[in-house]
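Structure data (CSV, C-alpha atoms) from model_28.csv:
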chain,number,residue,atom,x,y,z
H,215,MET,CA,-1.3,-3.6,-18.7
H,216,GLY,CA,-4.4,-1.9,-17.3
H,217,VAL,CA,-3.3,-2.2,-13.6
H,218,ILE,CA,-1.7,1.3,-13.1
H,219,ALA,CA,-4.2,3.5,-11.2
H,220,GLY,CA,-1.8,6.4,-10.6
H,221,VAL,CA,1.8,7.6,-10.3
H,222,THR,CA,3.9,9.0,-7.5
H,223,THR,CA,7.2,10.9,-8.0
H,224,ASN,CA,9.8,12.4,-5.7
H,225,PRO,CA,12.7,14.8,-6.0
H,226,SER,CA,15.2,11.9,-6.3
H,227,LEU,CA,13.3,10.2,-9.2
H,228,ILE,CA,12.9,13.5,-11.1
H,229,ALA,CA,16.5,14.5,-10.5
H,230,LYS,CA,17.6,11.3,-12.3
H,231,GLU,CA,15.7,12.5,-15.4
H,232,GLY,CA,17.7,15.7,-15.5
H,233,ARG,CA,14.7,17.6,-17.1
H,234,ASP,CA,12.3,20.3,-16.1
H,235,TYR,CA,10.1,19.1,-13.3
H,236,ALA,CA,6.8,20.6,-14.5
H,237,THR,CA,7.4,19.2,-18.0
H,238,VAL,CA,7.9,15.7,-16.7
H,239,LEU,CA,4.8,15.9,-14.5
H,240,LYS,CA,2.8,17.2,-17.5
H,241,GLU,CA,4.0,14.2,-19.6
H,242,ILE,CA,2.9,11.8,-16.9
H,243,THR,CA,-0.6,13.3,-16.9
H,244,ASP,CA,-0.8,12.6,-20.7
H,245,ILE,CA,0.0,8.9,-20.0
H,246,VAL,CA,-1.9,8.0,-16.8
H,247,ASP,CA,-5.5,8.9,-16.0
H,248,GLY,CA,-5.4,8.8,-12.3
H,249,PRO,CA,-3.9,10.6,-9.3
H,250,ILE,CA,-0.4,11.8,-9.9
H,251,SER,CA,1.7,12.9,-6.8
H,252,GLY,CA,4.1,15.7,-7.6
H,253,GLU,CA,6.3,16.7,-4.7
H,254,VAL,CA,7.3,20.2,-3.7
H,255,LYS,CA,11.0,21.0,-4.1
H,256,ALA,CA,13.2,19.2,-1.6
H,257,THR,CA,14.8,22.6,-0.7
H,258,THR,CA,11.5,24.2,0.2
H,259,THR,CA,11.1,23.8,3.9
H,260,ASP,CA,8.7,26.6,4.9
H,261,ALA,CA,4.9,26.3,4.8
H,262,GLU,CA,4.5,29.4,2.7
H,263,GLY,CA,6.9,28.1,0.0
H,264,MET,CA,5.2,24.7,0.0
H,265,ILE,CA,1.8,26.3,-0.4
H,266,LYS,CA,3.0,28.4,-3.3
H,267,GLU,CA,4.6,25.4,-5.1
H,268,GLY,CA,1.6,23.2,-4.2
H,269,ARG,CA,-0.8,25.6,-6.0
H,270,GLU,CA,1.5,25.6,-9.0
H,271,ILE,CA,1.6,21.8,-9.1
H,272,ALA,CA,-2.1,21.5,-8.6
H,273,ALA,CA,-2.7,23.9,-11.6
H,274,LEU,CA,-0.8,21.6,-14.0
H,275,HIS,CA,-3.7,19.1,-14.2
H,276,LYS,CA,-6.9,18.1,-12.5
H,277,ASN,CA,-5.3,14.8,-11.4
H,278,MET,CA,-2.3,16.3,-9.6
H,279,VAL,CA,-1.8,15.6,-5.9
H,280,VAL,CA,0.7,17.7,-4.1
H,281,LYS,CA,3.2,15.6,-2.2
H,282,ILE,CA,4.4,17.3,1.0
H,283,PRO,CA,7.0,16.0,3.5
H,284,MET,CA,6.0,15.1,7.1
H,285,THR,CA,7.2,18.2,9.0
H,286,ALA,CA,5.5,20.8,11.2
H,287,GLU,CA,5.7,23.2,8.2
H,288,GLY,CA,4.4,20.5,5.9
H,289,LEU,CA,1.4,20.0,8.1
H,290,LYS,CA,0.6,23.7,8.0
H,291,ALA,CA,0.9,23.6,4.2
H,292,ILE,CA,-1.4,20.5,4.0
H,293,LYS,CA,-4.0,22.3,6.1
H,294,VAL,CA,-4.1,25.3,3.8
H,295,LEU,CA,-4.0,23.4,0.6
H,296,HIS,CA,-6.8,21.1,1.9
H,297,SER,CA,-8.9,24.2,2.7
H,298,GLU,CA,-8.5,25.3,-0.9
H,299,GLY,CA,-9.6,21.9,-2.3
H,300,ILE,CA,-6.1,20.8,-3.4
H,301,LYS,CA,-5.4,17.2,-2.8
H,302,THR,CA,-2.2,16.3,-0.8
H,303,ASN,CA,-0.1,13.3,-0.1
H,304,CYS,CA,2.0,13.4,3.0
H,305,THR,CA,5.2,11.6,2.4
H,306,LEU,CA,8.2,10.3,4.5
H,307,ILE,CA,5.9,8.8,7.2
H,308,PHE,CA,7.6,6.3,9.5
H,309,THR,CA,5.2,6.2,12.5
H,310,ALA,CA,1.5,5.8,13.1
H,311,ASN,CA,1.5,9.2,14.9
H,312,GLN,CA,2.8,10.9,11.9
H,313,ALA,CA,0.1,9.4,9.7
H,314,LEU,CA,-2.6,10.4,12.2
H,315,LEU,CA,-1.3,14.0,12.3
H,316,ALA,CA,-1.2,14.1,8.5
H,317,ALA,CA,-4.7,12.8,8.2
H,318,ARG,CA,-6.0,15.3,10.8
H,319,ALA,CA,-4.3,18.1,8.8
H,320,GLY,CA,-6.4,17.1,5.8
H,321,ALA,CA,-4.0,14.9,3.8
H,322,ASP,CA,-5.9,12.8,1.2
H,323,TYR,CA,-3.1,10.3,1.2
H,324,VAL,CA,-0.4,9.2,3.7
H,325,SER,CA,2.7,7.5,2.5
H,326,PRO,CA,4.5,5.3,5.0
H,327,PHE,CA,7.8,4.0,3.8
H,328,LEU,CA,7.8,0.2,4.1
H,329,GLY,CA,11.2,-0.7,2.5
H,330,ARG,CA,13.2,1.9,4.4
H,331,LEU,CA,11.8,0.5,7.7
H,332,ASP,CA,12.7,-3.0,6.7
H,333,ASP,CA,16.2,-1.7,5.9
H,334,ILE,CA,16.7,-0.9,9.6
H,335,SER,CA,15.2,-4.2,10.8
H,336,THR,CA,11.8,-2.9,11.5
H,337,ALA,CA,8.7,-4.7,10.1
H,338,GLY,CA,7.3,-2.0,7.7
H,339,PHE,CA,4.1,-3.9,7.1
H,340,GLU,CA,3.3,-3.7,10.8
H,341,LEU,CA,3.2,0.1,10.5
H,342,ILE,CA,0.8,-0.2,7.6
H,343,GLN,CA,-1.4,-2.4,9.7
H,344,GLN,CA,-1.3,-0.1,12.7
H,345,ILE,CA,-2.2,3.0,10.6
H,346,SER,CA,-5.1,1.1,8.9
H,347,GLU,CA,-6.5,0.0,12.3
H,348,ILE,CA,-6.2,3.5,13.7
H,349,PHE,CA,-7.9,5.1,10.7
H,350,MET,CA,-10.8,2.6,11.1
H,351,ASN,CA,-11.4,4.0,14.6
H,352,TYR,CA,-12.2,7.4,13.2
H,353,PRO,CA,-15.0,7.6,10.6
H,354,ASP,CA,-14.1,11.2,9.9
H,355,ILE,CA,-10.6,10.3,8.6
H,356,HIS,CA,-10.7,9.7,4.9
H,357,ALA,CA,-7.0,9.6,4.1
H,358,GLU,CA,-5.9,6.7,2.0
H,359,ILE,CA,-2.7,4.7,2.8
H,360,ILE,CA,-0.1,4.5,0.1
H,361,SER,CA,2.6,2.0,0.9
H,362,ALA,CA,5.8,3.6,-0.4
H,363,SER,CA,9.3,2.2,-0.8
H,364,VAL,CA,8.0,-1.2,-2.0
H,365,ARG,CA,10.8,-3.4,-3.0
H,366,SER,CA,9.5,-6.9,-3.7
H,367,PRO,CA,6.3,-8.8,-4.5
H,368,LEU,CA,6.2,-9.9,-0.9
H,369,HIS,CA,6.0,-6.3,0.2
H,370,VAL,CA,2.9,-5.8,-2.1
H,371,THR,CA,1.2,-8.9,-0.6
H,372,GLN,CA,2.0,-7.7,3.0
H,373,CYS,CA,0.7,-4.2,2.3
H,374,ALA,CA,-2.5,-5.5,0.8
H,375,GLU,CA,-3.0,-7.8,3.8
H,376,ALA,CA,-2.2,-5.0,6.3
H,377,GLY,CA,-4.9,-2.8,4.8
H,378,ALA,CA,-3.0,-0.4,2.5
H,379,ASP,CA,-5.3,1.2,-0.1
H,380,ILE,CA,-2.5,1.7,-2.6
H,381,ALA,CA,1.1,0.6,-3.2
H,382,THR,CA,3.7,2.5,-5.2
H,383,VAL,CA,5.3,-0.3,-7.1
H,384,PRO,CA,8.4,0.0,-9.3
H,385,TYR,CA,8.2,-1.5,-12.8
H,386,LYS,CA,10.7,-4.2,-11.9
H,387,VAL,CA,8.5,-5.4,-9.0
H,388,ILE,CA,5.4,-5.4,-11.2
H,389,MET,CA,7.2,-7.7,-13.6
H,390,GLN,CA,8.2,-10.0,-10.8
H,391,MET,CA,4.6,-10.1,-9.6
H,392,ILE,CA,3.5,-11.3,-13.1
H,393,HIS,CA,6.0,-14.1,-13.4
H,394,HIS,CA,6.0,-17.5,-11.7
H,395,PRO,CA,8.0,-20.5,-12.8
H,396,LEU,CA,5.0,-22.7,-12.8
H,397,THR,CA,3.0,-20.2,-14.9
H,398,ASP,CA,5.9,-20.0,-17.4
H,399,GLU,CA,6.3,-23.8,-17.5
H,400,GLY,CA,2.5,-24.2,-18.0
H,401,ILE,CA,2.5,-21.8,-21.0
H,402,VAL,CA,5.4,-23.7,-22.6
H,403,LYS,CA,3.5,-27.0,-22.1
H,404,PHE,CA,0.3,-25.6,-23.5
H,405,GLN,CA,2.1,-24.3,-26.6
H,406,LYS,CA,3.8,-27.7,-27.2
H,407,ASP,CA,0.6,-29.6,-26.8
H,408,TYR,CA,-1.3,-27.3,-29.1
H,409,ILE,CA,1.5,-27.4,-31.8
H,410,ALA,CA,1.6,-31.2,-31.6
H,411,VAL,CA,-2.1,-31.4,-32.5
H,412,PHE,CA,-2.8,-28.3,-34.6
H,413,GLY,CA,0.6,-27.1,-35.8
H,414,GLU,CA,1.9,-23.6,-35.6
How does the structure come out when it is put into structure tokens?
Amino acid sequence: MGVIAGVTTNPSLIAKEGRDYATVLKEITDIVDGPISGEVKATTTDAEGMIKEGREIAALHKNMVVKIPMTAEGLKAIKVLHSEGIKTNCTLIFTANQALLAARAGADYVSPFLGRLDDISTAGFELIQQISEIFMNYPDIHAEIISASVRSPLHVTQCAEAGADIATVPYKVIMQMIHHPLTDEGIVKFQKDYIAVFGE
């Protein structure tokens, strides 16, 4: 459709495929020409392990971005990978402080989880707005905000309004964004009017 600028993955999504992780990531690089976030293994919790896996992920393709969880060890790994010129995406962010720490460690992207906050009756888009405002206060912060856990077209609109740079949007939600009853109705009317005058 010409609107996909990149792809993010996570251990849960890849586990559903039941296939080799590196193979799936490589296939994605053949399809999408943009940043592709590939996450370190969910069972890797130490900085040293994350750094090793991060280097392997980055070596798959020039567009790979290493996705690292928001932990103290994750921040250490982000710092090292950043110093090596490897792009990182800090994931599982639920507070503005976490986003600020990730950006300071050198993360190229921070991924606050909008939908999961909404699930516990917290307005996720307000977190996006808060992070955006904080980042604007510091010209030396260049991290982009990726709204993650997007579950509806309304989430996409709210993220855009709140200052997110990117939203990870499931296919189902993209299709919901495309359709509107008045658009569908208008297309049918145009077709009928055209056929009435010009035929099929």
Quiz item: In Å, with one decimal, what is the gap from atom CA of Ile359 of chain H to atom CA of Gly377 of chain H?
Solution: 8.1 Å
Residues of segment 266-346 of chain H that have any atom at most 6 Å from an atom of segment 362-370 of chain H: could you tabulate them with the shortest-distance atom pair and the distance in Å to one decimal, using all atoms listed in the file, ordered by chain and increasing number, as CSV?
residue,atom,partner,partner_atom,distance
H:Ser325,CA,H:Ala362,CA,5.8
H:Pro326,CA,H:Ala362,CA,5.8
H:Phe327,CA,H:Ala362,CA,4.7
H:Leu328,CA,H:Ser363,CA,5.5
H:Gly329,CA,H:Ser363,CA,4.8
Exercise. List the neighbours of Ile250 of chain H out to 7 Å using all atoms listed in the file; skip same-chain residues closer than 3 positions along the sequence, and give me the result as number ranges by chain.
Key: H: 220-222, 277-279
Quiz item: Using all atoms listed in the file, what residues lie at most 8 Å away from (-7.4, 16.7, -2.9) (file coordinates), given as a PyMOL selection string?
Solution: chain H and resi 279+296+299-302+321-322
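The coordinates place atom CA of Gln390 of chain H at 27.5 Å from atom CA of Lys281 of chain H.
The space between atom CA of Glu287 of chain H and atom CA of Phe349 of chain H spans 22.8 Å.
Here the question is which of H:Glu253, H:Glu375, H:Glu414, H:Glu270 gets nearest to Ser226 of chain H using all atoms listed in the file, and that residue is H:Glu253.
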Self-check item: Distance query Thr259 of chain H at most 9 Å, all atoms listed in the file, self and fewer than 3 positions along chain excluded, as a VMD selection string
Solution: chain H and resid 255 to 256 262 to 264 283 285 287 to 288
Practice problem: Quick one: residues within 10 Å of (-5.7, 9.4, 9.1) (file frame), counting only C-alpha atoms, please, as a ChimeraX atom specification. | Solution: /H:310-324,345-359
What are the centre and edge lengths in Å, to one decimal, of the axis-aligned box around all listed atoms of segment 284-293 of chain H with 5 Å added on each side, as AutoDock Vina command-line options?
--center_x 1.6 --center_y 19.4 --center_z 7.6 --size_x 21.2 --size_y 18.6 --size_z 17.2
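Using only C-alpha atoms for every distance, the candidate list H:Ser361, H:Lys406, H:Ile380, H:Met215 yields H:Met215 as the residue closest to Ile392 of chain H.
With all atoms listed in the file as the atoms that count, the minimum distance from Phe308 of chain H to the choices H:Met391, H:Gln405, H:Leu341, H:Ile334 is reached by H:Leu341.
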